[in-house]
Amino acid sequence: MVSGLSAAEAKQKLSEAGYNELQSSRPKNILRIAMEVIREPMFLLLITCGALYMVLGDYREGIIMLSTIFIIIFITFYQHRKTERALEALKKLASPRVLVLRDGQETRIPGREVVPGDIMVLNEGDRVAADATILEALQLTVDESLLTGESVPVTKSLQKESGENSNVIFSGTLVVKGRGLASVDSTGVNTQFGKIGSSLEKITPEETRLQKELKVLIRYLFLFGAVVCIGIVTLFYLTRGNFVQSLLNGLAAAMAVLPEEFPVVLTIFMALGAWHLSKKNVLTRNPSAIETLGAATVLCTDKTGTITLNKMEVAAIYAGERIYYRQDFDARNQELPAIAHIAEMASQESSADPMERAIHHFHTLILPAAGGMQQLIREYPFSHELLIMTRVVEDKATKALSVSAKGAPEAIFKLCGLDSHQSLQYNEALQTMAEKGFRVIGLASADHTRQPLPEHQTDFHFSFKGLIGFEDPIRPEVNQAVHECRSAGIKVIMITGDYPATASNIALQTGLSPKGKMITGEELTALSDQQLKKKIQGTTVFARVVPEQKLRIVEALKANGEIVAMTGDGVNDAPALKAAHIGIAMGGKGTDVAREASSLVLLDDNFASIVSAIRSGRRIFDNLQKAMSYILAIHIPIIGLTLMPAFFPAIPLLLMPLHIVFMELIIDPVCSVAFESEQEEKGIMNRPPRNSNRRFFGWRRIGYSLFQGGLLLAMVIAVYLLSIREGHTDGEVRAIAFSSLIIGNIFLILTNLSKTRSFISVFRERNIAAMIILTGAVALLFLILLLPPLRLVFSFEFPGYAHFLTSLIGAFGILVILEGIKYARHRETYFS
């Protein structure tokens, strides 16, 4: 018997093969991040401003300006590194999974942990993780088109045929049929696939719709910034005559206009959002899925293992005369042992399938001493054309053959050629069991004396033996999750291969719409695309559906303008997963090809995790919109205060490059940390899905951001002019106005963290990141105003504490106005 490597041997080989490579890659990643930081516009502007101060002979200002570069580098590097770590964690989760034998036990591990000498267990739908030699093969067929370009799958065997690699399986290929065992020969870059893998690194992912929209916005803002910069330099030179000082103010204007936070914030939000989703057992393979989650209008889900626990137990037996339920199971009953024996013979010996595990348990219960005396001669696998599996086994002692089959009851009835009376009798039993929510299969057996065996299982002369009903408990959290979907305007459609009565019972138990209709796979086949498009609008359950029909369901829903999320686990589910707006593969029971076709992978196969992901997707999108709106708003007063001295030469300079840098030290961490960690809005799952055609930066949102920024600018200008009227010096005026800007900015952040709740909720719900950043900003402002060396650096003079009262009153006035608007819009949730 093949036992594979021990866990200790595998760990030693993995350590020898991978540790040095991992260690050597870390400095490269750090260097790459550092180069990205250096190329950022803000970094280049800081260097230029620092150099100009040195040229002007203001060495102190120049040194301080250049010193701030290290602070900016640290913040930006921290943001990039945090994003990298989140992506690295996701990459580990996304690694293809492999079933291997370790210490004689089947163990599922990430593909990167496979080592030479491992024994891989290959099943239909698996993506092969390493080059290996076949040890066992049962109708093992592999798609090698990724390597060879040949579209015809290759059948694998134990013996190497002339001129072919029929006993070798390659990394990256796909098992499309059968199963087998293979001993790993080479992994990673040493595989045939690894040798050509370097070309894959050059492939760049397609930009999402939001990235494209931001790219256009940033391009326009960059052009606007360039025009403003040139205009400022020209105006300052014409009115004040100092070209170097004019250039310095032009660069300050460029720093004010250029919203370099946009791409950084988007990258961080998407990476950390995906990381947070992974904590909820949802792996993000495509970042655009996070954008789309909040817009989903229809959720199509499997039943088994998603709505139910996928922990099946035999709950009912029909042996031709009556139905026996669990309390009636007794080995002394003459009918049950025969059913248990046939079901056991029709099942694979070592199977991960919950149904076959339940059969083995039932067989042990009824016939504890039986088993182990049969040898498999041939297996006729289950197919979508014939929903039956037949196994031919030979008794080791008597050499007698037994033929046992199990499958869909309708297929078993047809296979056995029942007369009308028998069909009516057995269908009544089937209906009774299905109406109790049991998943029902039929059993049949045939007599066959000697080999050769027929080519097709339909050539046996089967006789009907009975029905088995399996109970698969519904997950306790499903009802609440279905209710949340209904409240959020998301229609839930259950798609199952089960008998219609079983599907109807499960739909009733889970709280799916009682008014919803059901369509069976047979009815679906008979409908035209236009008929299906119309009929699907009132449908909540699809029963007896095969995977290939899921694609038609997705296309019909999309044709009705729905945003579709679709779950799937098999090879044949891949087209539907790819066609859906959000393809969701099962991480536990799903095949690798289904995972590769999906946008999200459900790590625990739980329906409630999908709903949790939709909730998180809405939160991420909300917080991203709030962060971007704030960035746009806060740049308005910075731009306005930078431009004022150019148009009014008589007034002193208010914002210098160092002041703008101080503002950026608040803006950057607030956007990337405080907004990202803000809690979800109240009633987030009680509102309809977001319109997917609506632009991220609609004119209404841009207009409100401009209004907020304009309000803050007006307040600072008012305080500025009032201070001049009171006869303060230039340094005192600058200190009072700058304090107004900083305090106003803090209040702007507080009111924008939530668009439905009061600013007090930030403190009540403890957004720790926001409180730390804002407290730090206030503390730094006090230090700058109170310490003479820092006042000198910022060109401030201390006017006395009483004169800062106008700054506080003005900023508080803005908070009152913005909170008043928020209250008028969201009275129901404002105080919650």
# chains A, B, ... in the order shown; residues from 1 in each chain; ligands from 1
>>> residues_around(residues="stretch 683-690 of chain A", least_positions_apart="5", cutoff="7 Å", atoms="only C-alpha atoms", output="tab-separated table (two decimals) with C-alpha atoms, in the first residue's frame")
chain	number	residue	atom	x	y	z
A	294	GLY	CA	-22.11	46.07	-3.20
A	295	ALA	CA	-24.01	46.10	-6.50
A	296	ALA	CA	-25.06	42.41	-6.53
A	297	THR	CA	-28.81	41.98	-7.08
A	484	GLU	CA	-30.41	39.86	5.34
A	487	SER	CA	-33.60	43.23	3.35
A	488	ALA	CA	-30.65	44.28	1.18
A	489	GLY	CA	-32.67	43.89	-2.03
A	615	ARG	CA	-21.75	43.32	3.74
>>> residues_around(residues="A:Glu394", least_positions_apart="4", cutoff="10 Å", atoms="only C-alpha atoms", output="mmCIF file with N, CA and C atoms, in the first residue's frame")
data_model
loop_
_atom_site.group_PDB
_atom_site.id
_atom_site.type_symbol
_atom_site.label_atom_id
_atom_site.label_comp_id
_atom_site.auth_asym_id
_atom_site.auth_seq_id
_atom_site.Cartn_x
_atom_site.Cartn_y
_atom_site.Cartn_z
ATOM 1 N N MET A 373 -13.739 -8.465 1.810
ATOM 2 C CA MET A 373 -13.541 -9.706 1.073
ATOM 3 C C MET A 373 -13.820 -9.544 -0.418
ATOM 4 N N GLN A 374 -13.939 -8.313 -0.886
ATOM 5 C CA GLN A 374 -14.230 -8.081 -2.296
ATOM 6 C C GLN A 374 -13.096 -7.311 -2.962
ATOM 7 N N GLN A 375 -12.972 -7.542 -4.263
ATOM 8 C CA GLN A 375 -11.959 -6.838 -5.049
ATOM 9 C C GLN A 375 -12.642 -6.156 -6.233
ATOM 10 N N LEU A 376 -12.326 -4.870 -6.444
ATOM 11 C CA LEU A 376 -12.931 -4.119 -7.538
ATOM 12 C C LEU A 376 -12.399 -4.622 -8.878
ATOM 13 N N ILE A 377 -13.332 -4.939 -9.773
ATOM 14 C CA ILE A 377 -12.966 -5.370 -11.123
ATOM 15 C C ILE A 377 -13.084 -4.214 -12.109
ATOM 16 N N ARG A 378 -14.183 -3.475 -12.012
ATOM 17 C CA ARG A 378 -14.371 -2.346 -12.912
ATOM 18 C C ARG A 378 -15.379 -1.365 -12.314
ATOM 19 N N THR A 398 -15.042 -16.854 -3.384
ATOM 20 C CA THR A 398 -15.839 -17.626 -4.341
ATOM 21 C C THR A 398 -15.606 -17.219 -5.794
ATOM 22 N N LYS A 399 -14.949 -16.064 -6.011
ATOM 23 C CA LYS A 399 -14.721 -15.510 -7.360
ATOM 24 C C LYS A 399 -16.007 -15.101 -8.062
ATOM 25 N N ALA A 400 -17.103 -15.028 -7.310
ATOM 26 C CA ALA A 400 -18.378 -14.608 -7.893
ATOM 27 C C ALA A 400 -18.390 -13.098 -8.080
ATOM 28 N N LEU A 401 -19.038 -12.649 -9.158
ATOM 29 C CA LEU A 401 -19.138 -11.219 -9.451
ATOM 30 C C LEU A 401 -20.461 -10.666 -8.929
ATOM 31 N N SER A 402 -20.414 -9.437 -8.430
ATOM 32 C CA SER A 402 -21.648 -8.737 -8.070
ATOM 33 C C SER A 402 -21.612 -7.360 -8.724
ATOM 34 N N VAL A 403 -22.742 -6.977 -9.278
ATOM 35 C CA VAL A 403 -22.866 -5.692 -9.977
ATOM 36 C C VAL A 403 -23.865 -4.830 -9.210
#
>>> residues_around(residues="A:Ser183", least_positions_apart="4", cutoff="8 Å", atoms="only C-alpha atoms", output="list in words")
Pro116, Gly117, Asp118, Ile119, Met120, Ala132, Thr133, Ile134 and Leu135 of chain A
>>> closest_residue(among="A:Ala526, A:Leu299, A:Ala446, A:Leu415", to="A:Ile495", atoms="only C-alpha atoms")
A:Leu299
>>> closest_residue(among="A:Met270, A:Ala130, A:Val142, A:Leu654", to="A:Ser171", atoms="only C-alpha atoms")
A:Ala130
>>> closest_residue(among="A:Pro547, A:Pro799, A:Gly320, A:Pro354", to="A:Arg734", atoms="only C-alpha atoms")
A:Pro799
>>> residues_around(residues="stretch 617-634 of chain A", least_positions_apart="6", cutoff="6 Å", atoms="only C-alpha atoms", output="ChimeraX atom specification")
/A:290,293-294,671,675,680,705-706,708-709
>>> write_last_selection(atoms="all heavy atoms", output="compact mmCIF listing (two decimals), in the first residue's frame")
# COMPACT_ATOMS: atom_id res chain seq x y z
N ILE A 290 -14.55 43.23 -5.31
CA ILE A 290 -14.84 44.05 -4.14
C ILE A 290 -15.73 45.22 -4.54
O ILE A 290 -16.65 45.61 -3.82
CB ILE A 290 -13.54 44.54 -3.48
CG1 ILE A 290 -12.73 43.34 -2.98
CG2 ILE A 290 -13.83 45.49 -2.33
CD1 ILE A 290 -11.39 43.71 -2.38
N LEU A 293 -19.34 43.70 -5.37
CA LEU A 293 -20.10 43.06 -4.30
C LEU A 293 -21.29 43.90 -3.84
O LEU A 293 -22.39 43.38 -3.63
CB LEU A 293 -19.19 42.76 -3.11
CG LEU A 293 -18.42 41.45 -3.14
CD1 LEU A 293 -17.41 41.39 -2.02
CD2 LEU A 293 -19.37 40.26 -3.07
N GLY A 294 -21.05 45.19 -3.69
CA GLY A 294 -22.11 46.07 -3.20
C GLY A 294 -23.23 46.29 -4.19
O GLY A 294 -24.28 46.82 -3.83
N CYS A 671 -6.43 58.98 5.44
CA CYS A 671 -7.10 58.35 4.29
C CYS A 671 -6.85 56.85 4.24
O CYS A 671 -7.75 56.07 3.96
CB CYS A 671 -6.62 58.98 2.99
SG CYS A 671 -7.13 60.69 2.81
N PHE A 675 -9.95 56.01 7.64
CA PHE A 675 -11.15 55.73 6.85
C PHE A 675 -11.29 54.24 6.56
O PHE A 675 -12.39 53.70 6.59
CB PHE A 675 -11.13 56.51 5.54
CG PHE A 675 -11.61 57.94 5.67
CD1 PHE A 675 -10.71 58.98 5.75
CD2 PHE A 675 -12.96 58.23 5.73
CE1 PHE A 675 -11.13 60.30 5.88
CE2 PHE A 675 -13.41 59.53 5.86
CZ PHE A 675 -12.49 60.58 5.94
N GLU A 680 -18.93 49.91 9.52
CA GLU A 680 -19.95 50.03 8.48
C GLU A 680 -21.04 51.01 8.90
O GLU A 680 -21.25 51.25 10.10
CB GLU A 680 -20.57 48.66 8.20
CG GLU A 680 -21.36 48.11 9.37
CD GLU A 680 -21.83 46.69 9.16
OE1 GLU A 680 -21.05 45.88 8.64
OE2 GLU A 680 -22.98 46.40 9.54
N SER A 705 -18.24 67.62 -2.19
CA SER A 705 -16.84 67.74 -1.74
C SER A 705 -16.33 69.16 -1.95
O SER A 705 -15.65 69.72 -1.10
CB SER A 705 -15.96 66.74 -2.50
OG SER A 705 -16.28 65.41 -2.17
N LEU A 706 -16.66 69.73 -3.11
CA LEU A 706 -16.26 71.12 -3.38
C LEU A 706 -16.92 72.08 -2.40
O LEU A 706 -16.31 73.07 -1.96
CB LEU A 706 -16.61 71.50 -4.82
CG LEU A 706 -15.87 70.73 -5.93
CD1 LEU A 706 -16.38 71.16 -7.31
CD2 LEU A 706 -14.37 70.95 -5.84
N GLN A 708 -17.83 71.35 0.72
CA GLN A 708 -17.14 71.20 2.01
C GLN A 708 -15.80 71.94 2.00
O GLN A 708 -15.47 72.68 2.94
CB GLN A 708 -16.91 69.73 2.31
CG GLN A 708 -18.16 68.95 2.70
CD GLN A 708 -17.84 67.52 3.07
OE1 GLN A 708 -16.99 66.86 2.46
NE2 GLN A 708 -18.51 67.01 4.09
N GLY A 709 -15.03 71.72 0.92
CA GLY A 709 -13.74 72.38 0.81
C GLY A 709 -13.87 73.89 0.73
O GLY A 709 -13.10 74.64 1.35
>>> select_by_dssp(residues="stretch 239-338 of chain A", states="helix (DSSP H, G or I)", output="ChimeraX atom specification")
/A:239-240,243-257,261-279,288-293,326-328,335-338
>>> closest_residue(among="A:Ala650, A:Ile474, A:Val601, A:Val541", to="A:Asp569", atoms="only C-alpha atoms")
A:Val601
>>> select_by_dssp(residues="stretch 577-774 of chain A", states="strand (DSSP E or B)", output="compact mmCIF listing (two decimals) with N, CA and C atoms, in the first residue's frame")
# COMPACT_ATOMS: atom_id res chain seq x y z
N ILE A 582 -19.86 38.08 -10.41
CA ILE A 582 -19.07 37.64 -9.26
C ILE A 582 -19.15 36.12 -9.21
N GLY A 583 -18.10 35.45 -9.68
CA GLY A 583 -18.03 34.00 -9.59
C GLY A 583 -17.47 33.61 -8.24
N ILE A 584 -18.18 32.72 -7.54
CA ILE A 584 -17.76 32.31 -6.19
C ILE A 584 -17.54 30.81 -6.18
N ALA A 585 -16.27 30.40 -6.08
CA ALA A 585 -15.94 28.98 -6.05
C ALA A 585 -15.92 28.47 -4.63
N MET A 586 -16.21 27.19 -4.48
CA MET A 586 -16.15 26.55 -3.17
C MET A 586 -14.71 26.18 -2.85
N LEU A 600 -14.10 35.16 -6.42
CA LEU A 600 -13.98 34.92 -4.98
C LEU A 600 -13.95 33.42 -4.73
N VAL A 601 -13.29 33.03 -3.65
CA VAL A 601 -13.27 31.63 -3.23
C VAL A 601 -13.79 31.56 -1.80
N LEU A 602 -14.82 30.76 -1.59
CA LEU A 602 -15.42 30.59 -0.27
C LEU A 602 -14.65 29.52 0.48
>>> atom_distance(atom1="atom CA of A:Ile773", atom2="atom CA of A:Glu681")
21.4 Å
>>> atom_distance(atom1="atom CA of A:Phe224", atom2="atom CA of A:Ala646")
16.5 Å
>>> residues_around(residues="A:Tyr499", least_positions_apart="3", cutoff="12 Å", atoms="only C-alpha atoms", output="PDB file with N, CA and C atoms, in the first residue's frame")
ATOM      1  N   LYS A 303     -26.964  24.094  -3.036  1.00  0.00           N
ATOM      2  CA  LYS A 303     -27.579  23.657  -1.776  1.00  0.00           C
ATOM      3  C   LYS A 303     -26.584  22.894  -0.915  1.00  0.00           C
ATOM      4  N   GLY A 407     -27.706   5.844  -7.940  1.00  0.00           N
ATOM      5  CA  GLY A 407     -27.806   7.087  -8.698  1.00  0.00           C
ATOM      6  C   GLY A 407     -29.152   7.744  -8.527  1.00  0.00           C
ATOM      7  N   ALA A 408     -29.457   8.683  -9.424  1.00  0.00           N
ATOM      8  CA  ALA A 408     -30.728   9.406  -9.362  1.00  0.00           C
ATOM      9  C   ALA A 408     -31.883   8.411  -9.495  1.00  0.00           C
ATOM     10  N   PRO A 409     -32.896   8.503  -8.627  1.00  0.00           N
ATOM     11  CA  PRO A 409     -33.990   7.516  -8.683  1.00  0.00           C
ATOM     12  C   PRO A 409     -34.629   7.385 -10.056  1.00  0.00           C
ATOM     13  N   GLU A 410     -34.855   8.522 -10.739  1.00  0.00           N
ATOM     14  CA  GLU A 410     -35.493   8.442 -12.064  1.00  0.00           C
ATOM     15  C   GLU A 410     -34.635   7.635 -13.032  1.00  0.00           C
ATOM     16  N   ALA A 411     -33.303   7.830 -12.952  1.00  0.00           N
ATOM     17  CA  ALA A 411     -32.396   7.097 -13.834  1.00  0.00           C
ATOM     18  C   ALA A 411     -32.375   5.615 -13.487  1.00  0.00           C
ATOM     19  N   ASN A 427     -42.433   5.776  -7.156  1.00  0.00           N
ATOM     20  CA  ASN A 427     -42.441   7.238  -7.202  1.00  0.00           C
ATOM     21  C   ASN A 427     -43.184   7.842  -6.017  1.00  0.00           C
ATOM     22  N   LEU A 430     -40.703   7.737  -3.300  1.00  0.00           N
ATOM     23  CA  LEU A 430     -39.712   8.786  -3.564  1.00  0.00           C
ATOM     24  C   LEU A 430     -40.256  10.151  -3.178  1.00  0.00           C
ATOM     25  N   GLN A 431     -41.510  10.437  -3.552  1.00  0.00           N
ATOM     26  CA  GLN A 431     -42.112  11.730  -3.246  1.00  0.00           C
ATOM     27  C   GLN A 431     -42.241  11.939  -1.733  1.00  0.00           C
ATOM     28  N   THR A 432     -42.634  10.883  -1.027  1.00  0.00           N
ATOM     29  CA  THR A 432     -42.776  10.974   0.431  1.00  0.00           C
ATOM     30  C   THR A 432     -41.447  11.295   1.097  1.00  0.00           C
ATOM     31  N   MET A 433     -40.385  10.642   0.662  1.00  0.00           N
ATOM     32  CA  MET A 433     -39.057  10.883   1.253  1.00  0.00           C
ATOM     33  C   MET A 433     -38.535  12.270   0.886  1.00  0.00           C
ATOM     34  N   ALA A 434     -38.757  12.673  -0.352  1.00  0.00           N
ATOM     35  CA  ALA A 434     -38.256  13.971  -0.809  1.00  0.00           C
ATOM     36  C   ALA A 434     -38.954  15.118  -0.105  1.00  0.00           C
ATOM     37  N   GLU A 435     -40.259  14.952   0.157  1.00  0.00           N
ATOM     38  CA  GLU A 435     -41.007  16.017   0.817  1.00  0.00           C
ATOM     39  C   GLU A 435     -40.543  16.266   2.246  1.00  0.00           C
ATOM     40  N   LYS A 436     -39.843  15.301   2.818  1.00  0.00           N
ATOM     41  CA  LYS A 436     -39.260  15.492   4.152  1.00  0.00           C
ATOM     42  C   LYS A 436     -37.889  16.158   4.087  1.00  0.00           C
ATOM     43  N   GLY A 437     -37.467  16.528   2.870  1.00  0.00           N
ATOM     44  CA  GLY A 437     -36.180  17.209   2.707  1.00  0.00           C
ATOM     45  C   GLY A 437     -35.013  16.271   2.541  1.00  0.00           C
ATOM     46  N   PHE A 438     -35.272  14.966   2.376  1.00  0.00           N
ATOM     47  CA  PHE A 438     -34.182  14.001   2.225  1.00  0.00           C
ATOM     48  C   PHE A 438     -33.636  14.046   0.791  1.00  0.00           C
ATOM     49  N   ARG A 439     -32.340  13.860   0.687  1.00  0.00           N
ATOM     50  CA  ARG A 439     -31.730  13.670  -0.630  1.00  0.00           C
ATOM     51  C   ARG A 439     -31.789  12.174  -0.925  1.00  0.00           C
ATOM     52  N   VAL A 440     -32.435  11.800  -2.022  1.00  0.00           N
ATOM     53  CA  VAL A 440     -32.768  10.396  -2.276  1.00  0.00           C
ATOM     54  C   VAL A 440     -31.977   9.858  -3.461  1.00  0.00           C
ATOM     55  N   ILE A 441     -31.448   8.653  -3.299  1.00  0.00           N
ATOM     56  CA  ILE A 441     -30.821   7.933  -4.414  1.00  0.00           C
ATOM     57  C   ILE A 441     -31.467   6.560  -4.537  1.00  0.00           C
ATOM     58  N   GLY A 442     -31.405   6.005  -5.742  1.00  0.00           N
ATOM     59  CA  GLY A 442     -31.937   4.676  -5.972  1.00  0.00           C
ATOM     60  C   GLY A 442     -30.820   3.639  -6.028  1.00  0.00           C
ATOM     61  N   GLY A 469     -32.628   7.558   1.670  1.00  0.00           N
ATOM     62  CA  GLY A 469     -32.813   8.980   1.906  1.00  0.00           C
ATOM     63  C   GLY A 469     -31.762   9.507   2.868  1.00  0.00           C
ATOM     64  N   ILE A 495     -29.896  26.649  -6.606  1.00  0.00           N
ATOM     65  CA  ILE A 495     -29.722  25.753  -7.753  1.00  0.00           C
ATOM     66  C   ILE A 495     -29.184  24.428  -7.237  1.00  0.00           C
ATOM     67  N   THR A 496     -29.895  23.355  -7.502  1.00  0.00           N
ATOM     68  CA  THR A 496     -29.495  22.053  -6.957  1.00  0.00           C
ATOM     69  C   THR A 496     -29.781  20.939  -7.956  1.00  0.00           C
ATOM     70  N   THR A 502     -37.513  17.602  -2.768  1.00  0.00           N
ATOM     71  CA  THR A 502     -36.453  17.851  -1.786  1.00  0.00           C
ATOM     72  C   THR A 502     -36.052  19.324  -1.820  1.00  0.00           C
ATOM     73  N   ALA A 503     -35.842  19.844  -3.032  1.00  0.00           N
ATOM     74  CA  ALA A 503     -35.448  21.245  -3.187  1.00  0.00           C
ATOM     75  C   ALA A 503     -36.521  22.183  -2.630  1.00  0.00           C
ATOM     76  N   SER A 504     -37.784  21.853  -2.864  1.00  0.00           N
ATOM     77  CA  SER A 504     -38.884  22.679  -2.383  1.00  0.00           C
ATOM     78  C   SER A 504     -38.914  22.712  -0.866  1.00  0.00           C
ATOM     79  N   ASN A 505     -38.674  21.558  -0.238  1.00  0.00           N
ATOM     80  CA  ASN A 505     -38.667  21.485   1.225  1.00  0.00           C
ATOM     81  C   ASN A 505     -37.536  22.313   1.814  1.00  0.00           C
ATOM     82  N   ILE A 506     -36.349  22.220   1.219  1.00  0.00           N
ATOM     83  CA  ILE A 506     -35.194  22.983   1.710  1.00  0.00           C
ATOM     84  C   ILE A 506     -35.431  24.481   1.544  1.00  0.00           C
ATOM     85  N   MET A 518     -40.535  27.249  -9.248  1.00  0.00           N
ATOM     86  CA  MET A 518     -39.456  26.290  -9.443  1.00  0.00           C
ATOM     87  C   MET A 518     -39.390  25.889 -10.911  1.00  0.00           C
ATOM     88  N   ILE A 519     -38.152  25.757 -11.404  1.00  0.00           N
ATOM     89  CA  ILE A 519     -37.925  25.252 -12.756  1.00  0.00           C
ATOM     90  C   ILE A 519     -37.003  24.042 -12.634  1.00  0.00           C
ATOM     91  N   THR A 520     -37.369  22.949 -13.262  1.00  0.00           N
ATOM     92  CA  THR A 520     -36.515  21.755 -13.250  1.00  0.00           C
ATOM     93  C   THR A 520     -35.569  21.784 -14.446  1.00  0.00           C
ATOM     94  N   GLY A 521     -34.540  20.960 -14.370  1.00  0.00           N
ATOM     95  CA  GLY A 521     -33.577  20.897 -15.463  1.00  0.00           C
ATOM     96  C   GLY A 521     -34.225  20.494 -16.774  1.00  0.00           C
ATOM     97  N   GLU A 522     -35.199  19.594 -16.712  1.00  0.00           N
ATOM     98  CA  GLU A 522     -35.899  19.153 -17.925  1.00  0.00           C
ATOM     99  C   GLU A 522     -36.700  20.299 -18.531  1.00  0.00           C
ATOM    100  N   VAL A 541     -36.062  28.702  -7.228  1.00  0.00           N
ATOM    101  CA  VAL A 541     -35.456  27.369  -7.085  1.00  0.00           C
ATOM    102  C   VAL A 541     -35.317  26.717  -8.459  1.00  0.00           C
ATOM    103  N   PHE A 542     -34.139  26.166  -8.721  1.00  0.00           N
ATOM    104  CA  PHE A 542     -33.897  25.311  -9.879  1.00  0.00           C
ATOM    105  C   PHE A 542     -33.511  23.929  -9.352  1.00  0.00           C
ATOM    106  N   ALA A 543     -34.264  22.902  -9.760  1.00  0.00           N
ATOM    107  CA  ALA A 543     -34.019  21.542  -9.278  1.00  0.00           C
ATOM    108  C   ALA A 543     -33.650  20.622 -10.439  1.00  0.00           C
ATOM    109  N   ARG A 544     -32.924  19.570 -10.093  1.00  0.00           N
ATOM    110  CA  ARG A 544     -32.453  18.587 -11.080  1.00  0.00           C
ATOM    111  C   ARG A 544     -31.708  19.280 -12.224  1.00  0.00           C
ATOM    112  N   VAL A 545     -30.893  20.251 -11.848  1.00  0.00           N
ATOM    113  CA  VAL A 545     -30.113  21.013 -12.823  1.00  0.00           C
ATOM    114  C   VAL A 545     -28.710  20.440 -12.902  1.00  0.00           C
TER     115      VAL A 545
END
>>> closest_residue(among="A:Tyr318, A:Phe470, A:Phe236, A:Tyr801", to="A:Met644", atoms="only C-alpha atoms")
A:Phe236
>>> closest_residue(among="A:Met312, A:Leu808, A:Ala319, A:Ala769", to="A:Ala358", atoms="only C-alpha atoms")
A:Met312
>>> atom_distance(atom1="atom CA of A:Ser598", atom2="atom CA of A:Arg694")
24.4 Å
